[in-house]
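Structure below is model-v2.pdb: PDB, C-alpha atoms.
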```pdb
ATOM      1  CA  MET A   1       0.000   0.000   0.000
ATOM      2  CA  ARG A   2       1.194   3.472  -0.768
ATOM      3  CA  LEU A   3      -0.397   6.704   0.412
ATOM      4  CA  THR A   4      -0.716   9.511  -2.114
ATOM      5  CA  THR A   5       1.557  12.542  -2.155
ATOM      6  CA  MET A   6      -1.470  14.615  -1.136
ATOM      7  CA  THR A   7      -1.798  12.625   2.105
ATOM      8  CA  ASP A   8       1.927  12.979   2.794
ATOM      9  CA  TYR A   9       1.708  16.740   2.267
ATOM     10  CA  ALA A  10      -1.437  16.983   4.396
ATOM     11  CA  LEU A  11       0.224  15.285   7.356
ATOM     12  CA  ARG A  12       3.376  17.402   6.999
ATOM     13  CA  LEU A  13       1.299  20.572   6.736
ATOM     14  CA  LEU A  14      -0.673  19.728   9.879
ATOM     15  CA  MET A  15       2.533  18.949  11.806
ATOM     16  CA  TYR A  16       4.119  22.244  10.747
ATOM     17  CA  VAL A  17       1.076  24.333  11.639
ATOM     18  CA  ALA A  18       0.650  22.501  14.967
ATOM     19  CA  ARG A  19       4.183  23.539  15.943
ATOM     20  CA  GLN A  20       3.235  27.228  15.433
ATOM     21  CA  PRO A  21       0.136  27.602  17.634
ATOM     22  CA  GLU A  22       0.787  31.271  18.425
ATOM     23  CA  ARG A  23       0.564  32.538  14.850
ATOM     24  CA  LEU A  24      -0.839  32.042  11.355
ATOM     25  CA  CYS A  25       1.320  30.062   8.940
ATOM     26  CA  THR A  26       1.502  30.706   5.209
ATOM     27  CA  ILE A  27       1.581  28.254   2.328
ATOM     28  CA  GLY A  28       4.838  29.830   1.159
ATOM     29  CA  GLU A  29       6.673  29.207   4.416
ATOM     30  CA  VAL A  30       5.472  25.606   4.664
ATOM     31  CA  ALA A  31       6.455  24.985   1.024
ATOM     32  CA  ALA A  32       9.913  26.435   1.686
ATOM     33  CA  ALA A  33      10.353  24.442   4.903
ATOM     34  CA  TYR A  34       9.607  21.116   3.190
ATOM     35  CA  GLY A  35      10.765  21.908  -0.355
ATOM     36  CA  ILE A  36       7.383  21.198  -1.933
ATOM     37  CA  SER A  37       5.176  22.980  -4.451
ATOM     38  CA  GLU A  38       3.021  25.889  -3.284
ATOM     39  CA  ALA A  39       0.371  24.894  -5.832
ATOM     40  CA  HIS A  40       0.074  21.423  -4.299
ATOM     41  CA  LEU A  41      -0.027  22.854  -0.786
ATOM     42  CA  MET A  42      -2.785  25.247  -1.819
ATOM     43  CA  LYS A  43      -4.959  22.270  -2.833
ATOM     44  CA  VAL A  44      -4.093  20.406   0.369
ATOM     45  CA  THR A  45      -4.832  23.464   2.508
ATOM     46  CA  HIS A  46      -8.190  23.942   0.811
ATOM     47  CA  HIS A  47      -9.081  20.284   1.374
ATOM     48  CA  LEU A  48      -8.013  20.297   5.035
ATOM     49  CA  GLY A  49      -9.980  23.499   5.588
ATOM     50  CA  ARG A  50     -13.137  22.014   4.069
ATOM     51  CA  ALA A  51     -12.661  18.865   6.168
ATOM     52  CA  GLY A  52     -12.492  20.976   9.358
ATOM     53  CA  PHE A  53      -8.840  20.361  10.280
ATOM     54  CA  LEU A  54      -7.542  23.817   9.333
ATOM     55  CA  GLU A  55      -8.921  27.310   9.732
ATOM     56  CA  THR A  56      -7.858  29.692   6.981
ATOM     57  CA  VAL A  57      -7.740  33.482   7.060
ATOM     58  CA  ARG A  58      -7.758  35.253   3.685
ATOM     59  CA  GLY A  59      -6.186  38.546   2.739
ATOM     60  CA  LYS A  60      -3.127  40.492   3.802
ATOM     61  CA  GLY A  61      -1.715  39.015   6.981
ATOM     62  CA  GLY A  62      -3.737  35.842   6.377
ATOM     63  CA  GLY A  63      -2.671  32.267   6.701
ATOM     64  CA  MET A  64      -3.773  29.102   8.409
ATOM     65  CA  ARG A  65      -3.942  27.540  11.856
ATOM     66  CA  LEU A  66      -5.363  24.372  13.282
ATOM     67  CA  ALA A  67      -9.124  24.369  13.665
ATOM     68  CA  LEU A  68      -8.851  21.886  16.554
ATOM     69  CA  PRO A  69      -6.276  21.092  19.206
ATOM     70  CA  PRO A  70      -3.698  18.516  17.951
ATOM     71  CA  ARG A  71      -5.071  15.896  20.373
ATOM     72  CA  ASP A  72      -8.463  16.155  18.607
ATOM     73  CA  ILE A  73      -7.142  15.614  15.067
ATOM     74  CA  ASN A  74      -7.289  11.887  14.407
ATOM     75  CA  LEU A  75      -4.752  10.614  11.863
ATOM     76  CA  GLY A  76      -7.116   7.963  10.520
ATOM     77  CA  ALA A  77      -9.722  10.646   9.817
ATOM     78  CA  VAL A  78      -7.139  12.821   8.048
ATOM     79  CA  VAL A  79      -5.959   9.946   5.842
ATOM     80  CA  ARG A  80      -9.525   8.894   4.991
ATOM     81  CA  SER A  81     -10.406  12.498   4.092
ATOM     82  CA  ILE A  82      -7.497  12.822   1.648
ATOM     83  CA  GLU A  83      -7.077   9.383   0.071
ATOM     84  CA  PRO A  84      -9.240   8.968  -3.044
ATOM     85  CA  ASP A  85      -9.847   5.253  -2.473
ATOM     86  CA  PHE A  86      -8.502   2.190  -0.760
ATOM     87  CA  ALA A  87      -8.867  -0.250  -3.668
ATOM     88  CA  LEU A  88      -5.662  -2.143  -2.938
ATOM     89  CA  VAL A  89      -6.583  -4.975  -5.285
ATOM     90  CA  GLU A  90      -8.769  -5.018  -8.387
ATOM     91  CA  CYS A  91     -11.746  -6.658  -6.693
ATOM     92  CA  PHE A  92     -11.986  -3.743  -4.195
ATOM     93  CA  ASP A  93     -12.598  -1.313  -7.066
ATOM     94  CA  SER A  94     -16.320  -0.882  -7.647
ATOM     95  CA  GLY A  95     -15.655   0.228 -11.238
ATOM     96  CA  SER A  96     -13.617  -2.891 -11.989
ATOM     97  CA  SER A  97     -14.668  -5.327 -14.662
ATOM     98  CA  GLY A  98     -14.486  -8.078 -12.108
ATOM     99  CA  CYS A  99     -11.989 -10.541 -10.886
ATOM    100  CA  THR A 100     -11.654 -13.943 -12.511
ATOM    101  CA  LEU A 101     -11.090 -15.469  -9.078
ATOM    102  CA  THR A 102     -14.399 -14.262  -7.601
ATOM    103  CA  GLY A 103     -15.961 -16.974  -5.476
ATOM    104  CA  ASP A 104     -12.727 -18.957  -5.182
ATOM    105  CA  CYS A 105     -10.345 -16.408  -3.671
ATOM    106  CA  ARG A 106      -9.485 -15.557  -0.099
ATOM    107  CA  LEU A 107      -7.011 -12.832  -1.025
ATOM    108  CA  ALA A 108      -9.585 -10.043  -0.720
ATOM    109  CA  GLY A 109     -10.270 -11.006   2.899
ATOM    110  CA  VAL A 110      -6.579 -11.050   3.780
ATOM    111  CA  ILE A 111      -5.908  -7.709   2.079
ATOM    112  CA  SER A 112      -9.042  -6.187   3.598
ATOM    113  CA  GLY A 113      -7.891  -7.305   7.050
ATOM    114  CA  ALA A 114      -4.456  -5.751   6.512
ATOM    115  CA  LEU A 115      -6.045  -2.478   5.380
ATOM    116  CA  GLY A 116      -8.344  -2.539   8.399
ATOM    117  CA  ALA A 117      -5.368  -3.062  10.735
ATOM    118  CA  PHE A 118      -3.503  -0.173   9.069
ATOM    119  CA  LEU A 119      -6.448   2.206   9.438
ATOM    120  CA  ALA A 120      -7.150   1.016  12.993
ATOM    121  CA  HIS A 121      -3.534   1.834  13.900
ATOM    122  CA  LEU A 122      -3.968   5.355  12.492
ATOM    123  CA  ASP A 123      -7.299   5.668  14.323
ATOM    124  CA  ARG A 124      -5.435   5.202  17.622
ATOM    125  CA  ARG A 125      -3.152   8.151  16.875
ATOM    126  CA  THR A 126      -3.658  11.901  16.815
ATOM    127  CA  LEU A 127      -1.663  14.816  15.485
ATOM    128  CA  ALA A 128      -0.375  15.348  19.034
ATOM    129  CA  ASP A 129       1.373  11.953  18.788
ATOM    130  CA  LEU A 130       3.455  13.271  15.870
ATOM    131  CA  LEU A 131       4.731  16.243  17.837
ATOM    132  CA  ARG A 132       7.329  16.283  20.607
ATOM    133  CA  GLY A 133       6.185  14.410  23.651
ATOM    134  CA  GLY A 134       4.185  11.913  21.581
ATOM    135  CA  PRO A 135       4.812   8.162  21.594
ATOM    136  CA  PRO A 136       8.384   6.991  20.988
ATOM    137  CA  ARG A 137       9.552   6.927  17.386
ATOM    138  CA  LEU A 138       9.624   3.556  15.726
ATOM    139  CA  GLN A 139      12.238   2.419  13.274
ATOM    140  CA  THR A 140      11.228   2.682   9.654
ATOM    141  CA  VAL A 141      10.141  -0.682   8.322
ATOM    142  CA  GLN A 142      11.844  -1.562   5.066
ATOM    143  CA  PRO A 143      10.251  -4.145   2.785
ATOM    144  CA  PRO A 144      12.432  -7.206   2.205
ATOM    145  CA  ARG A 145      14.614  -7.278  -0.880
ATOM    146  CA  PRO A 146      13.418  -9.662  -3.585
ATOM    147  CA  GLY A 147      14.977 -13.070  -2.954
ATOM    148  CA  ALA A 148      15.977 -12.242   0.633
ATOM    149  CA  ARG A 149      14.929 -14.642   3.346
ATOM    150  CA  ALA A 150      12.778 -13.444   6.214
ATOM    151  CA  PRO A 151      14.687 -12.881   9.505
ATOM    152  CA  ALA A 152      13.169 -16.001  11.106
ATOM    153  CA  ALA A 153      14.204 -18.117   8.124
ATOM    154  CA  ARG A 154      17.790 -16.748   8.309
ATOM    155  CA  ARG A 155      17.992 -17.533  12.032
ATOM    156  CA  ALA A 156      16.635 -21.039  11.501
ATOM    157  CA  ALA A 157      19.096 -21.680   8.681
ATOM    158  CA  ALA A 158      21.995 -20.426  10.803
ATOM    159  CA  ALA A 159      20.979 -22.567  13.788
ATOM    160  CA  THR A 160      20.590 -25.758  11.771
ATOM    161  CA  PRO A 161      23.883 -27.638  11.448
ATOM    162  CA  ALA A 162      24.815 -28.596   7.928
ATOM    163  CA  ARG A 163      24.116 -32.230   7.117
ATOM    164  CA  PRO A 164      26.940 -34.313   5.765
ATOM    165  CA  ALA A 165      26.565 -35.096   2.121
ATOM    166  CA  ARG A 166      25.114 -38.505   1.404
ATOM    167  CA  THR A 167      27.255 -40.940  -0.434
ATOM    168  CA  ALA A 168      25.764 -43.418  -2.801
ATOM    169  CA  ARG A 169      25.718 -46.942  -1.488
ATOM    170  CA  ARG A 170      26.908 -49.641  -3.703
ATOM    171  CA  ALA A 171      25.060 -52.856  -3.648
TER     172      ALA A 171
END
```

Mind converting the file's structure to structure tokens?
Amino acid sequence: MRLTTMTDYALRLLMYVARQPERLCTIGEVAAAYGISEAHLMKVTHHLGRAGFLETVRGKGGGMRLALPPRDINLGAVVRSIEPDFALVECFDSGSSGCTLTGDCRLAGVISGALGAFLAHLDRRTLADLLRGGPPRLQTVQPPRPGARAPAARRAAAATPARPARTARRA
């Protein structure tokens, strides 16, 4: 699964604004801080404002601030408001022509469960958790390289003594 750039920018924008509670922030300063396009941030800001996460002030001296305290901004709600869909496999897409495995496939249930676990994890977190004083940082999880064995398989292989080669018996 991969979140869209819009979701990435939305979360970064909320974190930046949350760290400046005493003042309005501008799209230009956030774009400069993260090295991202002002045009993209304008769309993200508009979306977050319509969703009720940001309050925007137009005109000279305008900008944006959080519409809610960071502890009241749920990450799962933010992601759901930005992501266009969660069709991780073809059969999840309502506009799909259909899956040839329909009726004989358990993949959709497994993928749906993984998506549910991902969203449930985000539902247990708020914007406050992403700021200082939130939960401890976790290491970034890297997907395994193609052909690499899983850690448990490597440990098992290392712990198993090599068997002596069999020699052919002559009758």

Return as a PyMOL selection string the set of residues that the PyMOL selection byres ((chain A and resi 125) around 10) yields on the displayed structure.
-> chain A and resi 71-77+120-124+126-130+134-135

A:Ala32, A:Ala18, A:Leu131, A:Leu115 ranked by distance to A:Arg2, top pick (using only C-alpha atoms) = A:Leu115

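As for atom CA of A:Leu14 and atom CA of A:Leu54, they are spaced 8.0 Å apart.
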
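Atom CA of A:Arg132 lies 11.6 Å from atom CA of A:Pro70.
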
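Using only C-alpha atoms, the residues found no farther than 9 Å from A:Arg23, other than those of its own chain fewer than 6 positions away, are Val17, Gly63, Met64 and Arg65 of chain A.
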
Find the spatial neighbours of A:Leu11, counting only C-alpha atoms, within a cut-off of 9 Å - ignore same-chain residues fewer than 2 positions away - and output them as a list in words.
-> Met6, Thr7, Asp8, Tyr9, Leu13, Leu14, Met15, Tyr16, Leu75, Val78, Val79 and Leu127 of chain A

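The residues returned by the PyMOL selection byres ((chain A and resi 33-42) around 10) for this structure are Thr5, Met6, Tyr9, Ala10, Arg12, Leu13, Tyr16, Thr26, Ile27, Gly28, Glu29, Val30, Ala31, Ala32, Lys43, Val44, Thr45, His46, His47 and Leu48 of chain A.
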
With 8 Å added on each side, what axis-aligned box encloses every listed atom of stretch 39-53 of chain A? Give the centre and edge lengths in Å to one decimal, as JSON.
```
{"center_x": -6.4, "center_y": 22.1, "center_z": 2.2, "size_x": 29.5, "size_y": 22.4, "size_z": 32.1}
```

How far is it from atom CA of A:Arg106 to atom CA of A:Pro84, in Å with one decimal?
-> 24.7 Å
